[in-house]
>>> print(open('start-v2.cif').read())   # mmCIF, N, CA and C atoms
data_my_file
loop_
_atom_site.label_atom_id
_atom_site.label_comp_id
_atom_site.auth_asym_id
_atom_site.auth_seq_id
_atom_site.Cartn_x
_atom_site.Cartn_y
_atom_site.Cartn_z
N MET A 1 10.91 -7.06 -4.04
CA MET A 1 10.32 -7.84 -5.11
C MET A 1 10.95 -7.38 -6.41
N SER A 2 11.36 -8.31 -7.23
CA SER A 2 11.99 -7.97 -8.50
C SER A 2 10.95 -7.86 -9.61
N ILE A 3 11.36 -7.23 -10.72
CA ILE A 3 10.48 -7.10 -11.87
C ILE A 3 10.11 -8.49 -12.40
N LYS A 4 11.07 -9.41 -12.40
CA LYS A 4 10.79 -10.77 -12.86
C LYS A 4 9.68 -11.40 -12.02
N THR A 5 9.73 -11.18 -10.70
CA THR A 5 8.70 -11.71 -9.82
C THR A 5 7.34 -11.14 -10.17
N ILE A 6 7.28 -9.84 -10.46
CA ILE A 6 6.02 -9.20 -10.80
C ILE A 6 5.40 -9.86 -12.03
N HIS A 7 6.23 -10.15 -13.03
CA HIS A 7 5.71 -10.75 -14.27
C HIS A 7 5.18 -12.17 -14.06
N THR A 8 5.69 -12.88 -13.06
CA THR A 8 5.21 -14.25 -12.83
C THR A 8 3.89 -14.30 -12.09
N PHE A 9 3.44 -13.18 -11.51
CA PHE A 9 2.21 -13.19 -10.74
C PHE A 9 1.00 -13.62 -11.54
N TYR A 10 0.95 -13.28 -12.77
CA TYR A 10 -0.23 -13.59 -13.57
C TYR A 10 -0.07 -14.89 -14.34
N GLU A 11 0.96 -15.66 -14.02
CA GLU A 11 1.15 -16.93 -14.71
C GLU A 11 0.61 -18.09 -13.89
N ASN A 12 1.40 -18.58 -12.94
CA ASN A 12 1.00 -19.80 -12.23
C ASN A 12 0.83 -19.66 -10.73
N GLU A 13 1.47 -18.71 -10.13
CA GLU A 13 1.53 -18.64 -8.68
C GLU A 13 0.37 -17.86 -8.08
N PRO A 14 -0.13 -18.30 -6.92
CA PRO A 14 -1.12 -17.48 -6.22
C PRO A 14 -0.45 -16.19 -5.75
N VAL A 15 -1.19 -15.14 -5.69
CA VAL A 15 -0.66 -13.84 -5.32
C VAL A 15 -1.21 -13.45 -3.95
N SER A 16 -0.31 -13.11 -3.05
CA SER A 16 -0.74 -12.72 -1.70
C SER A 16 -1.20 -11.27 -1.70
N ASP A 17 -1.90 -10.90 -0.65
CA ASP A 17 -2.31 -9.50 -0.48
C ASP A 17 -1.09 -8.60 -0.43
N ARG A 18 -0.05 -9.04 0.26
CA ARG A 18 1.18 -8.25 0.37
C ARG A 18 1.81 -8.03 -1.01
N ASP A 19 1.84 -9.07 -1.84
CA ASP A 19 2.40 -8.95 -3.19
C ASP A 19 1.61 -7.94 -4.02
N ARG A 20 0.29 -7.99 -3.93
CA ARG A 20 -0.54 -7.04 -4.68
C ARG A 20 -0.33 -5.62 -4.16
N ALA A 21 -0.17 -5.47 -2.85
CA ALA A 21 0.10 -4.15 -2.26
C ALA A 21 1.45 -3.62 -2.75
N GLU A 22 2.44 -4.48 -2.86
CA GLU A 22 3.75 -4.07 -3.37
C GLU A 22 3.66 -3.63 -4.83
N MET A 23 2.90 -4.36 -5.62
CA MET A 23 2.74 -3.97 -7.03
C MET A 23 2.05 -2.62 -7.14
N LEU A 24 1.04 -2.38 -6.33
CA LEU A 24 0.35 -1.10 -6.33
C LEU A 24 1.30 0.02 -5.90
N SER A 25 2.08 -0.23 -4.87
CA SER A 25 3.05 0.75 -4.39
C SER A 25 4.07 1.06 -5.48
N PHE A 26 4.53 0.04 -6.20
CA PHE A 26 5.51 0.24 -7.28
C PHE A 26 4.94 1.12 -8.40
N ARG A 27 3.65 1.02 -8.66
CA ARG A 27 3.05 1.87 -9.69
C ARG A 27 3.11 3.33 -9.27
N PHE A 28 2.85 3.60 -8.00
CA PHE A 28 2.97 4.97 -7.50
C PHE A 28 4.44 5.42 -7.52
N ILE A 29 5.34 4.55 -7.07
CA ILE A 29 6.76 4.88 -7.02
C ILE A 29 7.28 5.22 -8.42
N SER A 30 6.83 4.48 -9.41
CA SER A 30 7.23 4.75 -10.78
C SER A 30 6.82 6.16 -11.20
N GLU A 31 5.62 6.56 -10.84
CA GLU A 31 5.14 7.90 -11.18
C GLU A 31 5.90 8.97 -10.38
N ILE A 32 6.18 8.68 -9.13
CA ILE A 32 6.94 9.61 -8.30
C ILE A 32 8.35 9.78 -8.86
N ASP A 33 8.94 8.69 -9.31
CA ASP A 33 10.28 8.75 -9.92
C ASP A 33 10.25 9.64 -11.16
N ARG A 34 9.20 9.52 -11.96
CA ARG A 34 9.06 10.36 -13.15
C ARG A 34 8.96 11.84 -12.75
N LEU A 35 8.20 12.13 -11.70
CA LEU A 35 8.07 13.52 -11.22
C LEU A 35 9.40 14.04 -10.70
N MET A 36 10.14 13.19 -10.01
CA MET A 36 11.46 13.60 -9.50
C MET A 36 12.40 13.91 -10.65
N GLU A 37 12.38 13.10 -11.69
CA GLU A 37 13.23 13.37 -12.86
C GLU A 37 12.81 14.67 -13.53
N ARG A 38 11.50 14.89 -13.64
CA ARG A 38 10.99 16.12 -14.26
C ARG A 38 11.51 17.35 -13.53
N ASP A 39 11.52 17.28 -12.20
CA ASP A 39 11.94 18.43 -11.38
C ASP A 39 13.40 18.36 -10.97
N ASP A 40 14.14 17.40 -11.51
CA ASP A 40 15.57 17.22 -11.20
C ASP A 40 15.78 17.19 -9.68
N MET A 41 15.04 16.28 -9.02
CA MET A 41 15.05 16.18 -7.57
C MET A 41 15.66 14.85 -7.12
N SER A 42 16.49 14.92 -6.11
CA SER A 42 17.09 13.69 -5.55
C SER A 42 16.17 13.12 -4.47
N LYS A 43 16.44 11.89 -4.08
CA LYS A 43 15.67 11.26 -3.00
C LYS A 43 15.88 12.00 -1.69
N LYS A 44 17.10 12.50 -1.50
CA LYS A 44 17.41 13.25 -0.29
C LYS A 44 16.60 14.56 -0.25
N GLU A 45 16.49 15.23 -1.38
CA GLU A 45 15.70 16.46 -1.44
C GLU A 45 14.21 16.17 -1.22
N LEU A 46 13.73 15.07 -1.83
CA LEU A 46 12.32 14.69 -1.63
C LEU A 46 12.05 14.40 -0.16
N ALA A 47 12.97 13.68 0.48
CA ALA A 47 12.81 13.35 1.90
C ALA A 47 12.70 14.62 2.74
N ALA A 48 13.55 15.60 2.46
CA ALA A 48 13.52 16.85 3.22
C ALA A 48 12.19 17.57 3.03
N LEU A 49 11.69 17.60 1.80
CA LEU A 49 10.42 18.27 1.52
C LEU A 49 9.23 17.54 2.16
N LEU A 50 9.35 16.23 2.29
CA LEU A 50 8.28 15.43 2.89
C LEU A 50 8.37 15.37 4.41
N GLY A 51 9.49 15.82 4.95
CA GLY A 51 9.68 15.76 6.40
C GLY A 51 9.96 14.36 6.89
N THR A 52 10.69 13.59 6.09
CA THR A 52 11.04 12.22 6.47
C THR A 52 12.51 11.99 6.16
N SER A 53 13.01 10.82 6.44
CA SER A 53 14.43 10.54 6.22
C SER A 53 14.69 10.06 4.80
N ALA A 54 15.91 10.28 4.35
CA ALA A 54 16.32 9.79 3.03
C ALA A 54 16.30 8.26 3.00
N SER A 55 16.62 7.64 4.12
CA SER A 55 16.62 6.17 4.15
C SER A 55 15.20 5.62 3.98
N TYR A 56 14.20 6.32 4.51
CA TYR A 56 12.81 5.89 4.34
C TYR A 56 12.42 5.96 2.86
N ILE A 57 12.81 7.03 2.18
CA ILE A 57 12.52 7.16 0.75
C ILE A 57 13.20 6.05 -0.02
N THR A 58 14.44 5.74 0.32
CA THR A 58 15.16 4.64 -0.33
C THR A 58 14.43 3.32 -0.09
N GLN A 59 13.95 3.09 1.12
CA GLN A 59 13.21 1.86 1.42
C GLN A 59 11.93 1.77 0.59
N LEU A 60 11.26 2.92 0.38
CA LEU A 60 10.07 2.93 -0.46
C LEU A 60 10.42 2.53 -1.89
N PHE A 61 11.48 3.11 -2.42
CA PHE A 61 11.88 2.85 -3.80
C PHE A 61 12.40 1.43 -4.00
N LYS A 62 12.98 0.84 -2.97
CA LYS A 62 13.46 -0.54 -3.06
C LYS A 62 12.34 -1.55 -2.82
N GLY A 63 11.21 -1.09 -2.31
CA GLY A 63 10.10 -1.99 -2.03
C GLY A 63 10.15 -2.60 -0.64
N ASP A 64 11.07 -2.13 0.20
CA ASP A 64 11.16 -2.64 1.57
C ASP A 64 10.01 -2.12 2.43
N LYS A 65 9.49 -0.95 2.09
CA LYS A 65 8.35 -0.34 2.79
C LYS A 65 7.28 -0.03 1.75
N LEU A 66 6.03 -0.01 2.19
CA LEU A 66 4.92 0.35 1.32
C LEU A 66 4.54 1.81 1.52
N LEU A 67 4.15 2.45 0.43
CA LEU A 67 3.64 3.81 0.53
C LEU A 67 2.37 3.82 1.36
N ASN A 68 2.14 4.91 2.05
CA ASN A 68 0.87 5.06 2.75
C ASN A 68 0.19 6.33 2.26
N MET A 69 -1.06 6.49 2.60
CA MET A 69 -1.85 7.62 2.09
C MET A 69 -1.31 8.97 2.55
N GLU A 70 -0.78 9.03 3.76
CA GLU A 70 -0.25 10.30 4.27
C GLU A 70 0.95 10.76 3.43
N ILE A 71 1.85 9.85 3.13
CA ILE A 71 3.01 10.19 2.29
C ILE A 71 2.54 10.58 0.89
N LEU A 72 1.57 9.84 0.34
CA LEU A 72 1.05 10.20 -0.98
C LEU A 72 0.44 11.59 -0.98
N ALA A 73 -0.27 11.94 0.08
CA ALA A 73 -0.86 13.28 0.19
C ALA A 73 0.22 14.35 0.22
N ARG A 74 1.29 14.09 0.96
CA ARG A 74 2.41 15.05 1.00
C ARG A 74 3.08 15.16 -0.37
N ILE A 75 3.22 14.03 -1.06
CA ILE A 75 3.85 14.03 -2.38
C ILE A 75 3.04 14.87 -3.36
N GLU A 76 1.71 14.76 -3.28
CA GLU A 76 0.87 15.60 -4.13
C GLU A 76 1.16 17.08 -3.90
N LEU A 77 1.34 17.47 -2.64
CA LEU A 77 1.63 18.87 -2.32
C LEU A 77 3.01 19.29 -2.83
N VAL A 78 4.00 18.44 -2.63
CA VAL A 78 5.36 18.76 -3.06
C VAL A 78 5.43 18.99 -4.57
N PHE A 79 4.79 18.11 -5.34
CA PHE A 79 4.88 18.20 -6.81
C PHE A 79 3.72 18.98 -7.43
N LYS A 80 2.79 19.43 -6.58
CA LYS A 80 1.61 20.17 -7.06
C LYS A 80 0.87 19.36 -8.13
N VAL A 81 0.58 18.12 -7.76
CA VAL A 81 -0.15 17.20 -8.63
C VAL A 81 -1.26 16.53 -7.83
N GLN A 82 -2.14 15.86 -8.54
CA GLN A 82 -3.15 15.04 -7.88
C GLN A 82 -3.13 13.68 -8.56
N PHE A 83 -2.95 12.63 -7.77
CA PHE A 83 -2.96 11.28 -8.32
C PHE A 83 -4.39 10.92 -8.71
N GLY A 84 -4.55 10.35 -9.88
CA GLY A 84 -5.86 9.92 -10.33
C GLY A 84 -6.12 8.49 -9.89
N ILE A 85 -7.38 8.19 -9.75
CA ILE A 85 -7.78 6.83 -9.36
C ILE A 85 -8.75 6.33 -10.41
N GLU A 86 -8.46 5.16 -10.94
CA GLU A 86 -9.31 4.57 -11.97
C GLU A 86 -9.27 3.05 -11.80
N ALA A 87 -10.43 2.46 -11.78
CA ALA A 87 -10.51 1.00 -11.71
C ALA A 87 -10.72 0.48 -13.13
N ARG A 88 -9.84 -0.40 -13.57
CA ARG A 88 -9.95 -1.00 -14.89
C ARG A 88 -9.87 -2.51 -14.76
N ARG A 89 -10.59 -3.20 -15.59
CA ARG A 89 -10.48 -4.66 -15.63
C ARG A 89 -9.13 -5.03 -16.21
N ILE A 90 -8.49 -6.03 -15.62
CA ILE A 90 -7.21 -6.49 -16.15
C ILE A 90 -7.45 -7.59 -17.15
N GLN A 91 -6.58 -7.70 -18.12
CA GLN A 91 -6.73 -8.69 -19.17
C GLN A 91 -6.11 -10.03 -18.80
N ALA A 92 -5.21 -10.02 -17.82
CA ALA A 92 -4.60 -11.27 -17.39
C ALA A 92 -5.65 -12.15 -16.74
N ARG A 93 -5.35 -13.43 -16.65
CA ARG A 93 -6.31 -14.33 -16.02
C ARG A 93 -6.50 -13.94 -14.57
N PRO A 94 -7.63 -14.30 -13.98
CA PRO A 94 -7.93 -13.89 -12.61
C PRO A 94 -6.86 -14.36 -11.63
N VAL A 95 -6.65 -13.57 -10.61
CA VAL A 95 -5.69 -13.90 -9.57
C VAL A 95 -6.24 -15.04 -8.74
N GLN A 96 -5.39 -16.05 -8.52
CA GLN A 96 -5.82 -17.19 -7.71
C GLN A 96 -5.82 -16.79 -6.25
N SER A 97 -6.71 -17.40 -5.51
CA SER A 97 -6.71 -17.16 -4.07
C SER A 97 -5.66 -18.04 -3.43
N LEU A 98 -5.34 -17.73 -2.19
CA LEU A 98 -4.36 -18.52 -1.47
C LEU A 98 -4.93 -19.91 -1.17
N PRO A 99 -4.06 -20.91 -1.04
CA PRO A 99 -4.55 -22.25 -0.68
C PRO A 99 -5.34 -22.19 0.62
N ALA A 100 -6.29 -23.11 0.77
CA ALA A 100 -7.21 -23.11 1.92
C ALA A 100 -6.46 -23.11 3.25
N GLU A 101 -5.34 -23.84 3.34
CA GLU A 101 -4.65 -23.91 4.63
C GLU A 101 -3.98 -22.60 5.01
N LYS A 102 -3.80 -21.69 4.05
CA LYS A 102 -3.18 -20.40 4.36
C LYS A 102 -4.22 -19.31 4.61
N LYS A 103 -5.48 -19.58 4.32
CA LYS A 103 -6.52 -18.58 4.53
C LYS A 103 -6.75 -18.38 6.02
N GLN A 104 -7.13 -17.15 6.39
CA GLN A 104 -7.42 -16.87 7.78
C GLN A 104 -8.70 -17.58 8.18
N LYS A 105 -8.69 -18.14 9.37
CA LYS A 105 -9.87 -18.84 9.86
C LYS A 105 -10.78 -17.92 10.65
N THR A 106 -10.27 -16.76 11.05
CA THR A 106 -11.08 -15.79 11.78
C THR A 106 -11.17 -14.52 10.95
N ALA A 107 -12.11 -13.69 11.29
CA ALA A 107 -12.26 -12.42 10.57
C ALA A 107 -11.03 -11.57 10.81
N PRO A 108 -10.56 -10.86 9.78
CA PRO A 108 -9.37 -10.03 9.96
C PRO A 108 -9.65 -8.87 10.91
N ARG A 109 -8.64 -8.52 11.69
CA ARG A 109 -8.77 -7.39 12.60
C ARG A 109 -8.53 -6.10 11.83
N PRO A 110 -9.08 -4.98 12.30
CA PRO A 110 -8.83 -3.72 11.61
C PRO A 110 -7.35 -3.37 11.65
N TYR A 111 -6.85 -2.75 10.61
CA TYR A 111 -5.45 -2.34 10.54
C TYR A 111 -5.18 -1.28 11.59
N THR A 112 -4.09 -1.45 12.33
CA THR A 112 -3.66 -0.47 13.30
C THR A 112 -2.20 -0.13 13.00
N PRO A 113 -1.90 1.14 12.73
CA PRO A 113 -0.51 1.51 12.46
C PRO A 113 0.38 1.20 13.65
N ALA A 114 1.64 0.87 13.39
CA ALA A 114 2.57 0.51 14.45
C ALA A 114 2.82 1.67 15.41
N ALA A 115 2.73 2.89 14.92
CA ALA A 115 3.04 4.06 15.75
C ALA A 115 1.96 4.34 16.79
N THR A 116 0.76 3.87 16.58
CA THR A 116 -0.32 4.12 17.54
C THR A 116 -1.02 2.82 17.86
N SER A 117 -1.82 2.87 18.90
CA SER A 117 -2.58 1.67 19.24
C SER A 117 -4.05 1.83 18.88
N LYS A 118 -4.42 2.96 18.25
CA LYS A 118 -5.81 3.20 17.88
C LYS A 118 -6.05 2.77 16.44
N PRO A 119 -7.22 2.22 16.13
CA PRO A 119 -7.53 1.91 14.73
C PRO A 119 -7.59 3.18 13.91
N LEU A 120 -7.32 3.06 12.62
CA LEU A 120 -7.34 4.22 11.74
C LEU A 120 -8.73 4.86 11.71
N LEU A 121 -9.76 4.06 11.58
CA LEU A 121 -11.11 4.58 11.50
C LEU A 121 -11.92 4.06 12.67
N ALA A 122 -12.51 4.97 13.40
CA ALA A 122 -13.37 4.57 14.52
C ALA A 122 -14.80 4.79 14.09
N ARG A 123 -15.61 3.79 14.20
CA ARG A 123 -17.02 3.89 13.81
C ARG A 123 -17.83 4.21 15.05
N GLU A 124 -18.04 5.49 15.30
CA GLU A 124 -18.83 5.89 16.45
C GLU A 124 -20.30 5.56 16.26
N ASP A 125 -20.72 5.49 14.98
CA ASP A 125 -22.12 5.22 14.70
C ASP A 125 -22.45 3.73 14.72
N ALA A 126 -21.43 2.88 14.86
CA ALA A 126 -21.66 1.44 14.87
C ALA A 126 -22.31 1.05 16.19
N PRO A 127 -23.31 0.18 16.14
CA PRO A 127 -23.98 -0.22 17.39
C PRO A 127 -23.05 -1.07 18.25
N ALA A 128 -23.14 -0.88 19.54
CA ALA A 128 -22.34 -1.67 20.46
C ALA A 128 -22.92 -3.07 20.54
N LYS A 129 -22.03 -4.05 20.67
CA LYS A 129 -22.49 -5.43 20.78
C LYS A 129 -23.01 -5.68 22.19
N SER A 130 -24.08 -6.43 22.26
CA SER A 130 -24.61 -6.79 23.57
C SER A 130 -23.76 -7.90 24.15
N LYS A 131 -23.89 -8.12 25.47
CA LYS A 131 -23.11 -9.16 26.13
C LYS A 131 -23.43 -10.52 25.54
N SER A 132 -24.68 -10.78 25.19
CA SER A 132 -25.04 -12.08 24.63
C SER A 132 -24.42 -12.28 23.25
N ALA A 133 -24.28 -11.21 22.47
CA ALA A 133 -23.67 -11.33 21.14
C ALA A 133 -22.17 -11.58 21.25
N ARG A 134 -21.53 -11.02 22.28
CA ARG A 134 -20.08 -11.21 22.46
C ARG A 134 -19.73 -12.63 22.88
N LYS A 135 -20.65 -13.33 23.56
CA LYS A 135 -20.38 -14.68 24.05
C LYS A 135 -20.38 -15.72 22.93
N LYS A 136 -20.99 -15.39 21.81
CA LYS A 136 -21.12 -16.37 20.71
C LYS A 136 -19.85 -16.62 20.02
#
>>> encode(input="start-v2.cif", output="structure tokens")
Amino acid sequence: MSIKTIHTFYENEPVSDRDRAEMLSFRFISEIDRLMERDDMSKKELAALLGTSASYITQLFKGDKLLNMEILARIELVFKVQFGIEARRIQARPVQSLPAEKKQKTAPRPYTPAATSKPLLAREDAPAKSKSARKK
């Protein structure tokens, strides 16, 4: 995604969940880039410290891959920082939802990482559905 594309999101076009996730990832990447410059660190050095490949770091910086919480946690350790979280109202006009024909017609399934077949969070305390509830 280009910077020009980011600026058009708040103008006329509906914004997808993926686009918003990319914008969020870019905000973290921008801060990580600043930390790398501060410590005079290359992407290859960062990859080694994170225990990942240099190509993966390049993909993150190009926007081909999205940051995940595990990598962010490792980055905090590498740079001895803690990322802050703050929710602020945006001044741009509200984000439009996707057109009705593109909306999911069924409830979304829980996210499952590609590397495993288990959901990230298992709710052991959630009540099991009865057979009659599953048939509906």
>>> resolve_selection(input="start-v2.cif", expression="the PyMOL selection byres (((chain A and resi 60 and name CA) around 12) and name CA)", output="ChimeraX atom specification")
/A:1,22,25-30,32-33,43,47,52-59,61-68,71-72
>>> atom_distance(input="start-v2.cif", atom1="atom CA of A:Leu49", atom2="atom CA of A:Glu70")
13.6 Å
>>> atom_distance(input="start-v2.cif", atom1="atom CA of A:Leu35", atom2="atom CA of A:Phe79")
7.2 Å
>>> atom_distance(input="start-v2.cif", atom1="atom CA of A:Met69", atom2="atom CA of A:Gly84")
13.3 Å
>>> closest_residue(input="start-v2.cif", among="A:Val15, A:Leu24, A:Met36, A:Val78", to="A:Leu50", atoms="only C-alpha atoms")
A:Val78
>>> axis_aligned_box(input="start-v2.cif", around="stretch 76-81 of chain A", padding_each_side="3 Å", output="AutoDock Vina command-line options")
--center_x 2.1 --center_y 17.5 --center_z -5.5 --size_x 12.7 --size_y 11.4 --size_z 12.3
